[in-house]
Amino acid sequence: MLKISQLHKSYPIGDSSLHVLKGIDLSVEDGEMVAIMGSSGSGKSTLLNIIGMLDEADEGEYILDGLPIKDLTEKKAAVYRNKFLGFIFQSFNLINYKTALENVALPLYYQGMKRKQRQELAMFHLEKVGLAGWAQHLPKELSGGQNQRVAIARALAANPKLLLADEPTGALDTKTSYEIMEFIQQLNDEGKTILMVTHEEDIANMCKRIVRLRDGVIMEDKKVKQVRAEQYV
Ligand code: ADP
Ligand code: MG
């Protein structure tokens, strides 16, 4: 699915710079479910954003689905992002004046899909996350867990090969977190490749592999026995 070699990233701060990623090597195969862990500021989001083509590395190689990701035009990058990647964020990142259905349909609009087809497909994905009855509601009328499910439906609408999640349970209470994890585990059971940033051990243990970042390097990368979320919900 993806292969990263000797990836480096720095951010300028004043006259100097902050070296955030210091030679990351990471390969992820199809069907994996990987947690990226590390303390705050360890570079987790930076790495995920580079993998998600929202940001670019300074040095190193990144190959996504056989395609070298380097020096792409913004237009090409957007096409690949739409085709390969789905995103989920801690704060949901839904558009607050659009309904659940419209939020889910938005990536399909960017793919140039016709309105009727867009709405049907968006509805299909809302049903999948158990929110068919909430299609016409705005984000402010939904709970945090419901909004995250809308965001998951939106991430899945364009059928991405890889689902990227940055602290997807970070804004949710424990029970709701486990419900979301149960759902994400089901997606992985169905074959979706998932890469998720978290700083919570219990959430990481619901993945199949844990990669630990510290001071910009991977200090540990191991497979784990997946804890199933359904036993807690
Ligand atoms: P994490 O997600 O592990 O908490 P981040 O990847 O967000 O860490 O950030 C790593 C370091 O890089 C932090 O010290 C952060 O302040 C810094 N950083 C992140 N993004 C930027 C940016 N756009 N400009 C400058 N510094 C940044
Ligand atoms: Mg972060």
# chains A, B, ... in the order shown; residues from 1 in each chain; ligands from 1
>>> residues_near_ligand(ligand="ligand 1", cutoff="9 Å", atoms="only C-alpha atoms and all ligand atoms", output="ChimeraX atom specification")
/A:10-13,17-21,37-49,166-167,197-199,213-214,216
>>> residues_around(residues="Ala229 in chain A", least_positions_apart="3", cutoff="7 Å", atoms="only C-alpha atoms", output="PyMOL selection string")
chain A and resi 178+181-182+206+232-233
>>> residues_around(residues="range 131-140 of chain A", least_positions_apart="2", cutoff="6 Å", atoms="only C-alpha atoms", output="number ranges by chain")
A: 96, 99-101, 126-127, 129, 142
>>> residues_around(residues="Thr176 in chain A", least_positions_apart="6", cutoff="12 Å", atoms="only C-alpha atoms", output="list in words")
Ser143, Gly144, Gly145, Gln146, Asn147, Gln148, Arg149, Pro168, Thr169, Gly170, Glu182, Phe183, Ile203, Ala229, Glu230, Tyr232 and Val233 of chain A
>>> write_last_selection(atoms="all heavy atoms", output="CSV table (one decimal), in the first residue's frame")
chain,number,residue,atom,x,y,z
A,143,SER,N,-24.8,14.4,18.1
A,143,SER,CA,-23.8,14.2,19.2
A,143,SER,C,-22.4,14.0,18.6
A,143,SER,O,-22.3,13.9,17.4
A,143,SER,CB,-24.1,12.9,20.0
A,143,SER,OG,-23.9,11.8,19.2
A,144,GLY,N,-21.4,14.1,19.4
A,144,GLY,CA,-20.0,13.9,18.9
A,144,GLY,C,-19.8,12.6,18.2
A,144,GLY,O,-19.2,12.6,17.1
A,145,GLY,N,-20.3,11.5,18.8
A,145,GLY,CA,-20.2,10.2,18.2
A,145,GLY,C,-20.9,10.1,16.8
A,145,GLY,O,-20.4,9.5,15.9
A,146,GLN,N,-22.1,10.8,16.8
A,146,GLN,CA,-22.8,10.8,15.5
A,146,GLN,C,-22.0,11.6,14.4
A,146,GLN,O,-21.9,11.2,13.3
A,146,GLN,CB,-24.2,11.4,15.7
A,146,GLN,CG,-25.2,10.4,16.4
A,146,GLN,CD,-26.5,11.1,16.7
A,146,GLN,OE1,-26.6,12.3,17.0
A,146,GLN,NE2,-27.6,10.3,16.6
A,147,ASN,N,-21.5,12.7,14.9
A,147,ASN,CA,-20.7,13.5,13.9
A,147,ASN,C,-19.5,12.8,13.4
A,147,ASN,O,-19.2,12.9,12.2
A,147,ASN,CB,-20.3,14.9,14.6
A,147,ASN,CG,-21.4,15.9,14.4
A,147,ASN,OD1,-22.1,16.0,13.4
A,147,ASN,ND2,-21.6,16.7,15.5
A,148,GLN,N,-18.9,12.0,14.3
A,148,GLN,CA,-17.7,11.3,13.8
A,148,GLN,C,-18.1,10.2,12.9
A,148,GLN,O,-17.4,9.9,11.9
A,148,GLN,CB,-16.9,10.7,15.0
A,148,GLN,CG,-15.5,10.2,14.7
A,148,GLN,CD,-14.6,11.3,14.0
A,148,GLN,OE1,-14.9,11.9,13.0
A,148,GLN,NE2,-13.5,11.6,14.7
A,149,ARG,N,-19.3,9.6,13.1
A,149,ARG,CA,-19.8,8.6,12.1
A,149,ARG,C,-20.1,9.3,10.8
A,149,ARG,O,-19.9,8.7,9.7
A,149,ARG,CB,-21.0,7.9,12.7
A,149,ARG,CG,-20.5,6.8,13.7
A,149,ARG,CD,-21.6,5.9,14.1
A,149,ARG,NE,-22.5,6.4,15.1
A,149,ARG,CZ,-23.7,6.1,15.3
A,149,ARG,NH1,-24.3,5.1,14.6
A,149,ARG,NH2,-24.4,6.6,16.3
A,168,PRO,N,-8.9,10.0,16.1
A,168,PRO,CA,-10.4,10.0,15.8
A,168,PRO,C,-11.3,9.9,17.0
A,168,PRO,O,-12.4,10.2,16.9
A,168,PRO,CB,-10.5,8.7,14.9
A,168,PRO,CG,-9.4,7.8,15.3
A,168,PRO,CD,-8.3,8.8,15.6
A,169,THR,N,-10.7,9.4,18.1
A,169,THR,CA,-11.5,9.3,19.3
A,169,THR,C,-11.1,10.4,20.4
A,169,THR,O,-11.6,10.4,21.5
A,169,THR,CB,-11.4,7.9,20.0
A,169,THR,OG1,-10.0,7.8,20.3
A,169,THR,CG2,-11.8,6.8,19.0
A,170,GLY,N,-10.2,11.3,19.9
A,170,GLY,CA,-9.7,12.3,20.9
A,170,GLY,C,-10.7,13.2,21.5
A,170,GLY,O,-10.5,13.7,22.6
A,182,GLU,N,-15.1,0.2,17.2
A,182,GLU,CA,-15.8,-1.0,16.7
A,182,GLU,C,-16.1,-0.9,15.2
A,182,GLU,O,-15.9,-1.8,14.4
A,182,GLU,CB,-17.1,-1.2,17.5
A,182,GLU,CG,-17.9,-2.5,17.1
A,182,GLU,CD,-19.2,-2.7,17.8
A,182,GLU,OE1,-19.7,-1.7,18.4
A,182,GLU,OE2,-19.7,-3.8,17.8
A,183,PHE,N,-16.6,0.3,14.9
A,183,PHE,CA,-16.9,0.6,13.5
A,183,PHE,C,-15.7,0.5,12.6
A,183,PHE,O,-15.7,-0.1,11.5
A,183,PHE,CB,-17.6,1.9,13.4
A,183,PHE,CG,-18.3,2.0,12.1
A,183,PHE,CD1,-19.5,1.4,11.8
A,183,PHE,CD2,-17.7,2.7,11.0
A,183,PHE,CE1,-20.1,1.5,10.6
A,183,PHE,CE2,-18.3,2.8,9.8
A,183,PHE,CZ,-19.5,2.2,9.5
A,203,ILE,N,-6.8,2.5,22.8
A,203,ILE,CA,-7.2,2.6,21.4
A,203,ILE,C,-6.2,2.0,20.5
A,203,ILE,O,-6.5,1.3,19.5
A,203,ILE,CB,-7.4,4.1,21.0
A,203,ILE,CG1,-8.5,4.8,21.9
A,203,ILE,CG2,-7.6,4.3,19.5
A,203,ILE,CD1,-9.9,4.2,21.7
A,229,ALA,N,-13.2,-4.1,20.0
A,229,ALA,CA,-14.0,-3.0,20.7
A,229,ALA,C,-15.4,-3.5,21.2
A,229,ALA,O,-15.9,-3.0,22.1
A,229,ALA,CB,-14.0,-1.8,19.8
A,230,GLU,N,-15.9,-4.5,20.4
A,230,GLU,CA,-17.4,-4.8,20.7
A,230,GLU,C,-17.6,-5.3,22.1
A,230,GLU,O,-18.7,-5.1,22.6
A,230,GLU,CB,-17.9,-5.7,19.7
A,230,GLU,CG,-17.3,-7.1,19.7
A,230,GLU,CD,-16.3,-7.3,18.5
A,230,GLU,OE1,-15.9,-6.3,17.9
A,230,GLU,OE2,-16.0,-8.5,18.2
A,232,TYR,N,-16.7,-4.0,24.7
A,232,TYR,CA,-16.8,-2.9,25.6
A,232,TYR,C,-18.1,-2.0,25.4
A,232,TYR,O,-18.3,-1.0,26.1
A,232,TYR,CB,-15.6,-2.0,25.6
A,232,TYR,CG,-14.3,-2.7,26.0
A,232,TYR,CD1,-13.4,-3.0,25.0
A,232,TYR,CD2,-14.1,-3.0,27.3
A,232,TYR,CE1,-12.2,-3.6,25.4
A,232,TYR,CE2,-13.0,-3.7,27.7
A,232,TYR,CZ,-12.0,-3.9,26.7
A,232,TYR,OH,-10.9,-4.6,27.1
A,233,VAL,N,-18.8,-2.3,24.2
A,233,VAL,CA,-19.9,-1.3,23.9
A,233,VAL,C,-21.2,-2.0,24.2
A,233,VAL,O,-21.3,-3.1,24.5
A,233,VAL,CB,-19.8,-0.9,22.4
A,233,VAL,CG1,-18.5,-0.2,22.1
A,233,VAL,CG2,-20.1,-2.0,21.5
>>> closest_residue(among="A:Ile36, A:Val79, A:Leu121, A:Met1", to="ligand 2", atoms="only C-alpha atoms and all ligand atoms")
A:Ile36
>>> closest_residue(among="A:Gln186, A:Ser177, A:Ser91, A:Arg228", to="ligand 2", atoms="only C-alpha atoms and all ligand atoms")
A:Ser91
>>> select_by_dssp(residues="range 140-188 of chain A", states="alpha helix (DSSP H)", output="number ranges by chain")
A: 144-157, 174-188
>>> write_last_selection(atoms="C-alpha atoms", output="PDB file, in the first residue's frame")
ATOM      1  CA  GLY A 144     -20.006  13.919  18.945  1.00  0.00           C
ATOM      2  CA  GLY A 145     -20.184  10.216  18.187  1.00  0.00           C
ATOM      3  CA  GLN A 146     -22.808  10.779  15.498  1.00  0.00           C
ATOM      4  CA  ASN A 147     -20.739  13.538  13.924  1.00  0.00           C
ATOM      5  CA  GLN A 148     -17.698  11.292  13.843  1.00  0.00           C
ATOM      6  CA  ARG A 149     -19.804   8.645  12.112  1.00  0.00           C
ATOM      7  CA  VAL A 150     -20.876  11.232   9.528  1.00  0.00           C
ATOM      8  CA  ALA A 151     -17.189  12.046   9.065  1.00  0.00           C
ATOM      9  CA  ILE A 152     -16.413   8.340   8.605  1.00  0.00           C
ATOM     10  CA  ALA A 153     -19.199   8.050   6.035  1.00  0.00           C
ATOM     11  CA  ARG A 154     -17.756  11.063   4.232  1.00  0.00           C
ATOM     12  CA  ALA A 155     -14.254   9.543   4.329  1.00  0.00           C
ATOM     13  CA  LEU A 156     -15.609   6.322   2.818  1.00  0.00           C
ATOM     14  CA  ALA A 157     -17.878   7.899   0.209  1.00  0.00           C
ATOM     15  CA  THR A 174     -14.686   6.375  26.424  1.00  0.00           C
ATOM     16  CA  LYS A 175     -17.884   4.561  25.507  1.00  0.00           C
ATOM     17  CA  THR A 176     -18.365   6.553  22.312  1.00  0.00           C
ATOM     18  CA  SER A 177     -14.670   6.050  21.484  1.00  0.00           C
ATOM     19  CA  TYR A 178     -15.117   2.296  21.647  1.00  0.00           C
ATOM     20  CA  GLU A 179     -18.227   2.473  19.474  1.00  0.00           C
ATOM     21  CA  ILE A 180     -16.241   4.370  16.854  1.00  0.00           C
ATOM     22  CA  MET A 181     -13.387   1.865  17.171  1.00  0.00           C
ATOM     23  CA  GLU A 182     -15.818  -1.003  16.733  1.00  0.00           C
ATOM     24  CA  PHE A 183     -16.920   0.570  13.504  1.00  0.00           C
ATOM     25  CA  ILE A 184     -13.365   1.194  12.299  1.00  0.00           C
ATOM     26  CA  GLN A 185     -12.451  -2.416  13.142  1.00  0.00           C
ATOM     27  CA  GLN A 186     -15.376  -3.631  11.024  1.00  0.00           C
ATOM     28  CA  LEU A 187     -14.096  -1.565   8.103  1.00  0.00           C
ATOM     29  CA  ASN A 188     -10.692  -3.180   8.524  1.00  0.00           C
TER      30      ASN A 188
END
>>> decode(residues="range 96-120 of chain A", atoms="N, CA and C atoms", output="compact mmCIF listing (two decimals), in the first residue's frame")
# COMPACT_ATOMS: atom_id res chain seq x y z
N ASN A 96 -20.43 23.12 8.92
CA ASN A 96 -21.51 23.24 9.91
C ASN A 96 -22.85 23.72 9.34
N TYR A 97 -22.84 24.30 8.14
CA TYR A 97 -24.12 24.73 7.54
C TYR A 97 -24.64 23.71 6.53
N LYS A 98 -23.97 22.57 6.44
CA LYS A 98 -24.46 21.52 5.54
C LYS A 98 -24.99 20.35 6.36
N THR A 99 -26.02 19.69 5.82
CA THR A 99 -26.60 18.54 6.51
C THR A 99 -25.62 17.36 6.47
N ALA A 100 -25.96 16.34 7.27
CA ALA A 100 -25.16 15.12 7.27
C ALA A 100 -25.01 14.58 5.85
N LEU A 101 -26.14 14.51 5.16
CA LEU A 101 -26.12 13.97 3.78
C LEU A 101 -25.23 14.81 2.87
N GLU A 102 -25.36 16.14 2.97
CA GLU A 102 -24.55 17.02 2.11
C GLU A 102 -23.06 16.90 2.44
N ASN A 103 -22.75 16.75 3.72
CA ASN A 103 -21.34 16.57 4.09
C ASN A 103 -20.77 15.31 3.47
N VAL A 104 -21.54 14.22 3.54
CA VAL A 104 -21.04 12.95 3.00
C VAL A 104 -20.93 13.02 1.48
N ALA A 105 -21.83 13.78 0.86
CA ALA A 105 -21.86 13.85 -0.61
C ALA A 105 -20.76 14.75 -1.19
N LEU A 106 -20.18 15.59 -0.35
CA LEU A 106 -19.24 16.60 -0.86
C LEU A 106 -18.04 16.03 -1.64
N PRO A 107 -17.35 14.99 -1.12
CA PRO A 107 -16.21 14.46 -1.90
C PRO A 107 -16.65 13.92 -3.26
N LEU A 108 -17.90 13.50 -3.35
CA LEU A 108 -18.40 12.95 -4.62
C LEU A 108 -18.64 14.07 -5.62
N TYR A 109 -19.03 15.23 -5.08
CA TYR A 109 -19.17 16.43 -5.91
C TYR A 109 -17.81 16.76 -6.54
N TYR A 110 -16.76 16.71 -5.72
CA TYR A 110 -15.42 17.01 -6.24
C TYR A 110 -14.95 15.99 -7.24
N GLN A 111 -15.55 14.80 -7.19
CA GLN A 111 -15.21 13.78 -8.19
C GLN A 111 -16.01 13.96 -9.47
N GLY A 112 -16.91 14.94 -9.46
CA GLY A 112 -17.68 15.22 -10.66
C GLY A 112 -18.91 14.34 -10.84
N MET A 113 -19.33 13.71 -9.75
CA MET A 113 -20.50 12.82 -9.85
C MET A 113 -21.79 13.65 -9.91
N LYS A 114 -22.76 13.15 -10.64
CA LYS A 114 -24.04 13.85 -10.77
C LYS A 114 -24.81 13.85 -9.44
N ARG A 115 -25.65 14.88 -9.29
CA ARG A 115 -26.31 15.14 -8.02
C ARG A 115 -27.10 13.94 -7.49
N LYS A 116 -27.89 13.32 -8.36
CA LYS A 116 -28.76 12.24 -7.90
C LYS A 116 -27.94 11.05 -7.42
N GLN A 117 -26.92 10.71 -8.20
CA GLN A 117 -26.06 9.58 -7.87
C GLN A 117 -25.29 9.84 -6.57
N ARG A 118 -24.84 11.09 -6.44
CA ARG A 118 -24.13 11.55 -5.25
C ARG A 118 -24.97 11.34 -4.00
N GLN A 119 -26.23 11.76 -4.12
CA GLN A 119 -27.10 11.68 -2.96
C GLN A 119 -27.42 10.24 -2.61
N GLU A 120 -27.58 9.40 -3.63
CA GLU A 120 -27.86 7.99 -3.37
C GLU A 120 -26.69 7.32 -2.68
